[in-house]
>>> print(open('protein_19.pdb').read())   # PDB, C-alpha atoms (C1' of nucleotides)
ATOM      1  CA  MET A   1     197.053   0.373  28.845  1.00  0.00           C
ATOM      2  CA  PRO A   2     195.384  -1.385  31.588  1.00  0.00           C
ATOM      3  CA  PRO A   3     195.249   0.236  34.949  1.00  0.00           C
ATOM      4  CA  ALA A   4     198.379  -0.267  36.954  1.00  0.00           C
ATOM      5  CA  ASP A   5     198.212  -2.497  39.972  1.00  0.00           C
ATOM      6  CA  PRO A   6     198.273  -0.819  43.371  1.00  0.00           C
ATOM      7  CA  ALA A   7     201.658  -2.226  44.171  1.00  0.00           C
ATOM      8  CA  ALA A   8     202.939  -1.070  40.806  1.00  0.00           C
ATOM      9  CA  SER A   9     202.019   2.554  41.463  1.00  0.00           C
ATOM     10  CA  HIS A  10     203.765   2.287  44.739  1.00  0.00           C
ATOM     11  CA  ALA A  11     206.898   0.950  43.077  1.00  0.00           C
ATOM     12  CA  ARG A  12     206.762   3.611  40.382  1.00  0.00           C
ATOM     13  CA  ILE A  13     206.640   6.426  42.898  1.00  0.00           C
ATOM     14  CA  HIS A  14     209.472   4.802  44.724  1.00  0.00           C
ATOM     15  CA  ALA A  15     211.549   4.674  41.546  1.00  0.00           C
ATOM     16  CA  VAL A  16     210.852   8.269  40.556  1.00  0.00           C
ATOM     17  CA  VAL A  17     211.829   9.681  43.926  1.00  0.00           C
ATOM     18  CA  ARG A  18     215.020   7.714  43.789  1.00  0.00           C
ATOM     19  CA  ARG A  19     216.027   9.421  40.568  1.00  0.00           C
ATOM     20  CA  ILE A  20     215.887  12.888  42.091  1.00  0.00           C
ATOM     21  CA  PRO A  21     219.472  14.135  42.070  1.00  0.00           C
ATOM     22  CA  ARG A  22     221.113  15.510  45.190  1.00  0.00           C
ATOM     23  CA  GLY A  23     220.656  19.190  45.764  1.00  0.00           C
ATOM     24  CA  ARG A  24     217.362  19.272  43.921  1.00  0.00           C
ATOM     25  CA  VAL A  25     213.775  18.861  44.977  1.00  0.00           C
ATOM     26  CA  ALA A  26     210.604  17.754  43.228  1.00  0.00           C
ATOM     27  CA  SER A  27     206.991  18.399  44.084  1.00  0.00           C
ATOM     28  CA  TYR A  28     204.488  15.679  44.884  1.00  0.00           C
ATOM     29  CA  GLY A  29     202.493  16.478  41.804  1.00  0.00           C
ATOM     30  CA  GLN A  30     205.566  16.284  39.666  1.00  0.00           C
ATOM     31  CA  VAL A  31     206.556  12.923  41.054  1.00  0.00           C
ATOM     32  CA  ALA A  32     203.031  11.667  40.586  1.00  0.00           C
ATOM     33  CA  GLU A  33     203.016  12.742  36.994  1.00  0.00           C
ATOM     34  CA  LEU A  34     206.369  11.153  36.279  1.00  0.00           C
ATOM     35  CA  ALA A  35     205.176   8.009  37.996  1.00  0.00           C
ATOM     36  CA  GLY A  36     202.304   7.829  35.579  1.00  0.00           C
ATOM     37  CA  LEU A  37     199.685   8.995  38.068  1.00  0.00           C
ATOM     38  CA  PRO A  38     198.792  12.531  37.043  1.00  0.00           C
ATOM     39  CA  GLY A  39     196.776  14.350  39.637  1.00  0.00           C
ATOM     40  CA  ALA A  40     197.467  11.767  42.278  1.00  0.00           C
ATOM     41  CA  ALA A  41     199.751  13.903  44.376  1.00  0.00           C
ATOM     42  CA  ARG A  42     198.245  12.407  47.506  1.00  0.00           C
ATOM     43  CA  LEU A  43     199.376   9.008  46.508  1.00  0.00           C
ATOM     44  CA  VAL A  44     202.957  10.128  46.522  1.00  0.00           C
ATOM     45  CA  GLY A  45     202.752  11.413  50.052  1.00  0.00           C
ATOM     46  CA  TYR A  46     200.895   8.360  51.148  1.00  0.00           C
ATOM     47  CA  ALA A  47     203.338   6.015  49.485  1.00  0.00           C
ATOM     48  CA  LEU A  48     206.303   7.721  51.083  1.00  0.00           C
ATOM     49  CA  SER A  49     204.779   7.708  54.526  1.00  0.00           C
ATOM     50  CA  ALA A  50     203.928   4.067  54.100  1.00  0.00           C
ATOM     51  CA  LEU A  51     207.540   3.366  53.305  1.00  0.00           C
ATOM     52  CA  GLY A  52     209.895   4.093  56.130  1.00  0.00           C
ATOM     53  CA  PRO A  53     213.512   4.398  57.189  1.00  0.00           C
ATOM     54  CA  GLY A  54     216.076   2.455  55.260  1.00  0.00           C
ATOM     55  CA  SER A  55     213.872   2.244  52.215  1.00  0.00           C
ATOM     56  CA  GLY A  56     216.618   3.949  50.257  1.00  0.00           C
ATOM     57  CA  VAL A  57     214.221   6.593  49.039  1.00  0.00           C
ATOM     58  CA  PRO A  58     215.318  10.222  49.434  1.00  0.00           C
ATOM     59  CA  TRP A  59     211.857  11.285  50.561  1.00  0.00           C
ATOM     60  CA  GLN A  60     213.352  14.494  51.856  1.00  0.00           C
ATOM     61  CA  ARG A  61     213.714  15.705  48.294  1.00  0.00           C
ATOM     62  CA  VAL A  62     209.986  15.656  47.847  1.00  0.00           C
ATOM     63  CA  VAL A  63     208.221  18.863  48.806  1.00  0.00           C
ATOM     64  CA  ASN A  64     204.885  20.418  48.001  1.00  0.00           C
ATOM     65  CA  ALA A  65     204.193  22.572  44.960  1.00  0.00           C
ATOM     66  CA  ARG A  66     205.074  25.761  46.815  1.00  0.00           C
ATOM     67  CA  GLY A  67     208.511  24.465  47.672  1.00  0.00           C
ATOM     68  CA  ALA A  68     207.643  24.180  51.338  1.00  0.00           C
ATOM     69  CA  LEU A  69     207.861  21.135  53.592  1.00  0.00           C
ATOM     70  CA  SER A  70     204.675  19.433  54.611  1.00  0.00           C
ATOM     71  CA  PRO A  71     203.786  18.924  58.223  1.00  0.00           C
ATOM     72  CA  ARG A  72     203.730  15.271  59.100  1.00  0.00           C
ATOM     73  CA  SER A  73     202.195  13.424  61.973  1.00  0.00           C
ATOM     74  CA  GLU A  74     205.311  14.214  63.934  1.00  0.00           C
ATOM     75  CA  PRO A  75     206.870  17.683  63.669  1.00  0.00           C
ATOM     76  CA  TRP A  76     210.312  16.254  64.236  1.00  0.00           C
ATOM     77  CA  ALA A  77     210.449  14.885  60.739  1.00  0.00           C
ATOM     78  CA  GLU A  78     209.912  18.268  59.221  1.00  0.00           C
ATOM     79  CA  LEU A  79     212.987  19.629  60.921  1.00  0.00           C
ATOM     80  CA  GLU A  80     214.890  16.539  59.961  1.00  0.00           C
ATOM     81  CA  GLN A  81     213.934  16.997  56.353  1.00  0.00           C
ATOM     82  CA  ARG A  82     214.944  20.622  56.383  1.00  0.00           C
ATOM     83  CA  ARG A  83     218.267  19.780  57.942  1.00  0.00           C
ATOM     84  CA  ARG A  84     218.968  17.096  55.359  1.00  0.00           C
ATOM     85  CA  LEU A  85     218.115  19.351  52.455  1.00  0.00           C
ATOM     86  CA  GLU A  86     220.361  22.102  53.706  1.00  0.00           C
ATOM     87  CA  ARG A  87     223.123  19.564  54.040  1.00  0.00           C
ATOM     88  CA  GLU A  88     222.675  18.701  50.392  1.00  0.00           C
ATOM     89  CA  GLY A  89     223.000  22.311  49.420  1.00  0.00           C
ATOM     90  CA  VAL A  90     219.359  23.271  49.269  1.00  0.00           C
ATOM     91  CA  ARG A  91     218.736  26.662  50.855  1.00  0.00           C
ATOM     92  CA  LEU A  92     215.383  27.553  52.336  1.00  0.00           C
ATOM     93  CA  GLY A  93     213.919  30.994  52.360  1.00  0.00           C
ATOM     94  CA  ARG A  94     212.828  32.830  55.468  1.00  0.00           C
ATOM     95  CA  ASP A  95     209.441  31.256  55.264  1.00  0.00           C
ATOM     96  CA  GLY A  96     211.010  27.852  55.092  1.00  0.00           C
ATOM     97  CA  ARG A  97     210.308  27.807  51.387  1.00  0.00           C
ATOM     98  CA  ILE A  98     212.667  26.494  48.718  1.00  0.00           C
ATOM     99  CA  ASP A  99     213.328  28.474  45.582  1.00  0.00           C
ATOM    100  CA  LEU A 100     212.053  25.981  43.040  1.00  0.00           C
ATOM    101  CA  ASP A 101     213.337  28.327  40.406  1.00  0.00           C
ATOM    102  CA  ARG A 102     216.777  27.402  41.616  1.00  0.00           C
ATOM    103  CA  HIS A 103     216.533  23.948  43.181  1.00  0.00           C
ATOM    104  CA  GLY A 104     213.535  22.572  41.331  1.00  0.00           C
ATOM    105  CA  TRP A 105     214.378  19.290  39.644  1.00  0.00           C
ATOM    106  CA  ARG A 106     214.102  19.396  35.870  1.00  0.00           C
ATOM    107  CA  PRO A 107     213.819  15.773  34.781  1.00  0.00           C
ATOM    108  CA  ARG A 108     215.002  14.920  31.423  1.00  0.00           C
ATOM    109  CA  ARG A 109     212.672  13.237  29.221  1.00  0.00           C
ATOM    110  CA  GLY A 110     214.893  10.574  28.623  1.00  0.00           C
ATOM    111  CA  LYS A 111     212.422   8.216  29.001  1.00  0.00           C
ATOM    112  CA  LYS A 112     211.619   7.200  25.942  1.00  0.00           C
TER     113      LYS A 112
ATOM    114  C1'  DG B   1     182.210  -3.651  50.544  1.00  0.00           C
ATOM    115  C1'  DC B   2     181.468   1.179  52.290  1.00  0.00           C
ATOM    116  C1'  DA B   3     183.257   5.227  54.839  1.00  0.00           C
ATOM    117  C1'  DA B   4     186.881   7.875  56.545  1.00  0.00           C
ATOM    118  C1'  DT B   5     191.662   9.511  56.276  1.00  0.00           C
ATOM    119  C1'  DG B   6     196.093  11.122  54.395  1.00  0.00           C
ATOM    120  C1'  DA B   7     203.638  13.818  53.580  1.00  0.00           C
ATOM    121  C1'  DC B   8     198.799  17.207  47.844  1.00  0.00           C
ATOM    122  C1'  DG B   9     197.227  20.299  43.735  1.00  0.00           C
ATOM    123  C1'  DC B  10     194.421  23.284  41.264  1.00  0.00           C
ATOM    124  C1'  DT B  11     190.519  26.478  40.642  1.00  0.00           C
ATOM    125  C1'  DC B  12     187.113  29.510  42.205  1.00  0.00           C
ATOM    126  C1'  DT B  13     185.326  32.973  45.449  1.00  0.00           C
TER     127       DT B  13
ATOM    128  C1'  DC C   1     196.502  36.757  50.047  1.00  0.00           C
ATOM    129  C1'  DA C   2     193.128  33.466  52.558  1.00  0.00           C
ATOM    130  C1'  DG C   3     189.520  30.109  52.646  1.00  0.00           C
ATOM    131  C1'  DA C   4     186.613  26.480  50.667  1.00  0.00           C
ATOM    132  C1'  DG C   5     185.566  22.844  47.306  1.00  0.00           C
ATOM    133  C1'  DC C   6     186.669  18.944  44.283  1.00  0.00           C
ATOM    134  C1'  DG C   7     189.765  15.318  42.363  1.00  0.00           C
ATOM    135  C1'  DC C   8     193.076  11.618  42.898  1.00  0.00           C
ATOM    136  C1'  DC C   9     194.536   6.571  44.619  1.00  0.00           C
ATOM    137  C1'  DA C  10     195.681   3.522  48.388  1.00  0.00           C
ATOM    138  C1'  DT C  11     195.359   2.027  53.205  1.00  0.00           C
ATOM    139  C1'  DT C  12     192.668   1.066  57.262  1.00  0.00           C
ATOM    140  C1'  DG C  13     188.524   0.381  60.391  1.00  0.00           C
TER     141       DG C  13
END
>>> encode(input="protein_19.pdb", output="structure tokens")
Amino acid sequence: MPPADPAASHARIHAVVRRIPRGRVASYGQVAELAGLPGAARLVGYALSALGPGSGVPWQRVVNARGALSPRSEPWAELEQRRRLEREGVRLGRDGRIDLDRHGWRPRRGKK
DNA sequence: GCAATGACGCTCT
DNA sequence: CAGAGCGCCATTG
């Protein structure tokens, strides 16, 4: 399969994040893998940051592999993300970490 | 077109 | 457990 176009990868990531159900979180690496870009965790973060408000993408459900939120250019967003997740039923530990064992998204290979 | 940067991940020391 | 190094792809100067 030929290499995917830049815009395609972007769209794939976008689609994967959108399928994350409420109350669950997925890691960047996981999203990247599902998007067909294994090992490109950075791309996910970059793609999301490049997006923006109103994109319809629940970016808040994307956290790092440790289940913690990633500091962004502006610290406000981190708090916003945490607040949104808690509102969806996701509880954070004392260290601000999410129990992936409990809230980690387990995609179904329904893909075909 | 090259170099630097960025919401990351994994392995090794 | 903490720190450093390498890989990954796209965007920007």
>>> atom_distance(input="protein_19.pdb", atom1="atom CA of Gly104 of chain A", atom2="atom CA of Gly89 of chain A")
12.5 Å
>>> axis_aligned_box(input="protein_19.pdb", around="segment 4-10 of chain C", padding_each_side="6 Å", output="lines of an AutoDock Vina configuration file")
center_x = 190.6
center_y = 15.0
center_z = 46.5
size_x = 22.1
size_y = 35.0
size_z = 20.3
>>> residues_around(input="protein_19.pdb", residues="DC8 of chain B", least_positions_apart="2", cutoff="9 Å", atoms="all atoms listed in the file", output="PDB file with C-alpha atoms, in the coordinates of the input")
ATOM      1  CA  TYR A  28     204.488  15.679  44.884  1.00  0.00           C
ATOM      2  CA  GLY A  29     202.493  16.478  41.804  1.00  0.00           C
ATOM      3  CA  GLY A  39     196.776  14.350  39.637  1.00  0.00           C
ATOM      4  CA  ALA A  40     197.467  11.767  42.278  1.00  0.00           C
ATOM      5  CA  ALA A  41     199.751  13.903  44.376  1.00  0.00           C
ATOM      6  CA  ARG A  42     198.245  12.407  47.506  1.00  0.00           C
ATOM      7  CA  LEU A  43     199.376   9.008  46.508  1.00  0.00           C
ATOM      8  CA  VAL A  44     202.957  10.128  46.522  1.00  0.00           C
ATOM      9  CA  GLY A  45     202.752  11.413  50.052  1.00  0.00           C
ATOM     10  CA  ASN A  64     204.885  20.418  48.001  1.00  0.00           C
ATOM     11  CA  ALA A  65     204.193  22.572  44.960  1.00  0.00           C
TER      12      ALA A  65
END
>>> interface_residues(input="protein_19.pdb", of="chain B", to="chain A", cutoff="7 Å", atoms="all atoms listed in the file", output="number ranges by chain")
B: 6-9
>>> interface_residues(input="protein_19.pdb", of="chain C", to="chain A", cutoff="8 Å", atoms="only C-alpha atoms (C1' of nucleotides)", output="PyMOL selection string")
chain C and resi 7-10
>>> write_last_selection(input="protein_19.pdb", atoms="C-alpha atoms (C1' of nucleotides)", output="CSV table (one decimal), in the frame of the given file")
chain,number,residue,atom,x,y,z
C,7,DG,C1',189.8,15.3,42.4
C,8,DC,C1',193.1,11.6,42.9
C,9,DC,C1',194.5,6.6,44.6
C,10,DA,C1',195.7,3.5,48.4
>>> residues_around(input="protein_19.pdb", residues="DT11 of chain B", least_positions_apart="3", cutoff="12 Å", atoms="only C-alpha atoms (C1' of nucleotides)", output="list in words")
DA4, DG5, DC6 and DG7 of chain C
>>> resolve_selection(input="protein_19.pdb", expression="the PyMOL selection byres ((chain C and resi 13) around 12)", output="VMD selection string")
(chain B and resid 2 to 5) or (chain C and resid 11 to 12)
>>> write_last_selection(input="protein_19.pdb", atoms="C-alpha atoms (C1' of nucleotides)", output="PDB file, keeping the file's coordinate frame")
ATOM      1  C1'  DC B   2     181.468   1.179  52.290  1.00  0.00           C
ATOM      2  C1'  DA B   3     183.257   5.227  54.839  1.00  0.00           C
ATOM      3  C1'  DA B   4     186.881   7.875  56.545  1.00  0.00           C
ATOM      4  C1'  DT B   5     191.662   9.511  56.276  1.00  0.00           C
TER       5       DT B   5
ATOM      6  C1'  DT C  11     195.359   2.027  53.205  1.00  0.00           C
ATOM      7  C1'  DT C  12     192.668   1.066  57.262  1.00  0.00           C
TER       8       DT C  12
END
>>> resolve_selection(input="protein_19.pdb", expression="the PyMOL selection byres ((chain A and resi 101) around 12)", output="number ranges by chain")
A: 24-26, 65-67, 90-91, 97-100, 102-106
>>> write_last_selection(input="protein_19.pdb", atoms="C-alpha atoms", output="mmCIF file, keeping the file's coordinate frame")
data_model
loop_
_atom_site.group_PDB
_atom_site.id
_atom_site.type_symbol
_atom_site.label_atom_id
_atom_site.label_comp_id
_atom_site.auth_asym_id
_atom_site.auth_seq_id
_atom_site.Cartn_x
_atom_site.Cartn_y
_atom_site.Cartn_z
ATOM 1 C CA ARG A 24 217.362 19.272 43.921
ATOM 2 C CA VAL A 25 213.775 18.861 44.977
ATOM 3 C CA ALA A 26 210.604 17.754 43.228
ATOM 4 C CA ALA A 65 204.193 22.572 44.960
ATOM 5 C CA ARG A 66 205.074 25.761 46.815
ATOM 6 C CA GLY A 67 208.511 24.465 47.672
ATOM 7 C CA VAL A 90 219.359 23.271 49.269
ATOM 8 C CA ARG A 91 218.736 26.662 50.855
ATOM 9 C CA ARG A 97 210.308 27.807 51.387
ATOM 10 C CA ILE A 98 212.667 26.494 48.718
ATOM 11 C CA ASP A 99 213.328 28.474 45.582
ATOM 12 C CA LEU A 100 212.053 25.981 43.040
ATOM 13 C CA ARG A 102 216.777 27.402 41.616
ATOM 14 C CA HIS A 103 216.533 23.948 43.181
ATOM 15 C CA GLY A 104 213.535 22.572 41.331
ATOM 16 C CA TRP A 105 214.378 19.290 39.644
ATOM 17 C CA ARG A 106 214.102 19.396 35.870
#
>>> atom_distance(input="protein_19.pdb", atom1="atom CA of Leu92 of chain A", atom2="atom CA of Glu80 of chain A")
13.4 Å
>>> atom_distance(input="protein_19.pdb", atom1="atom CA of Gly56 of chain A", atom2="atom CA of Val31 of chain A")
16.3 Å
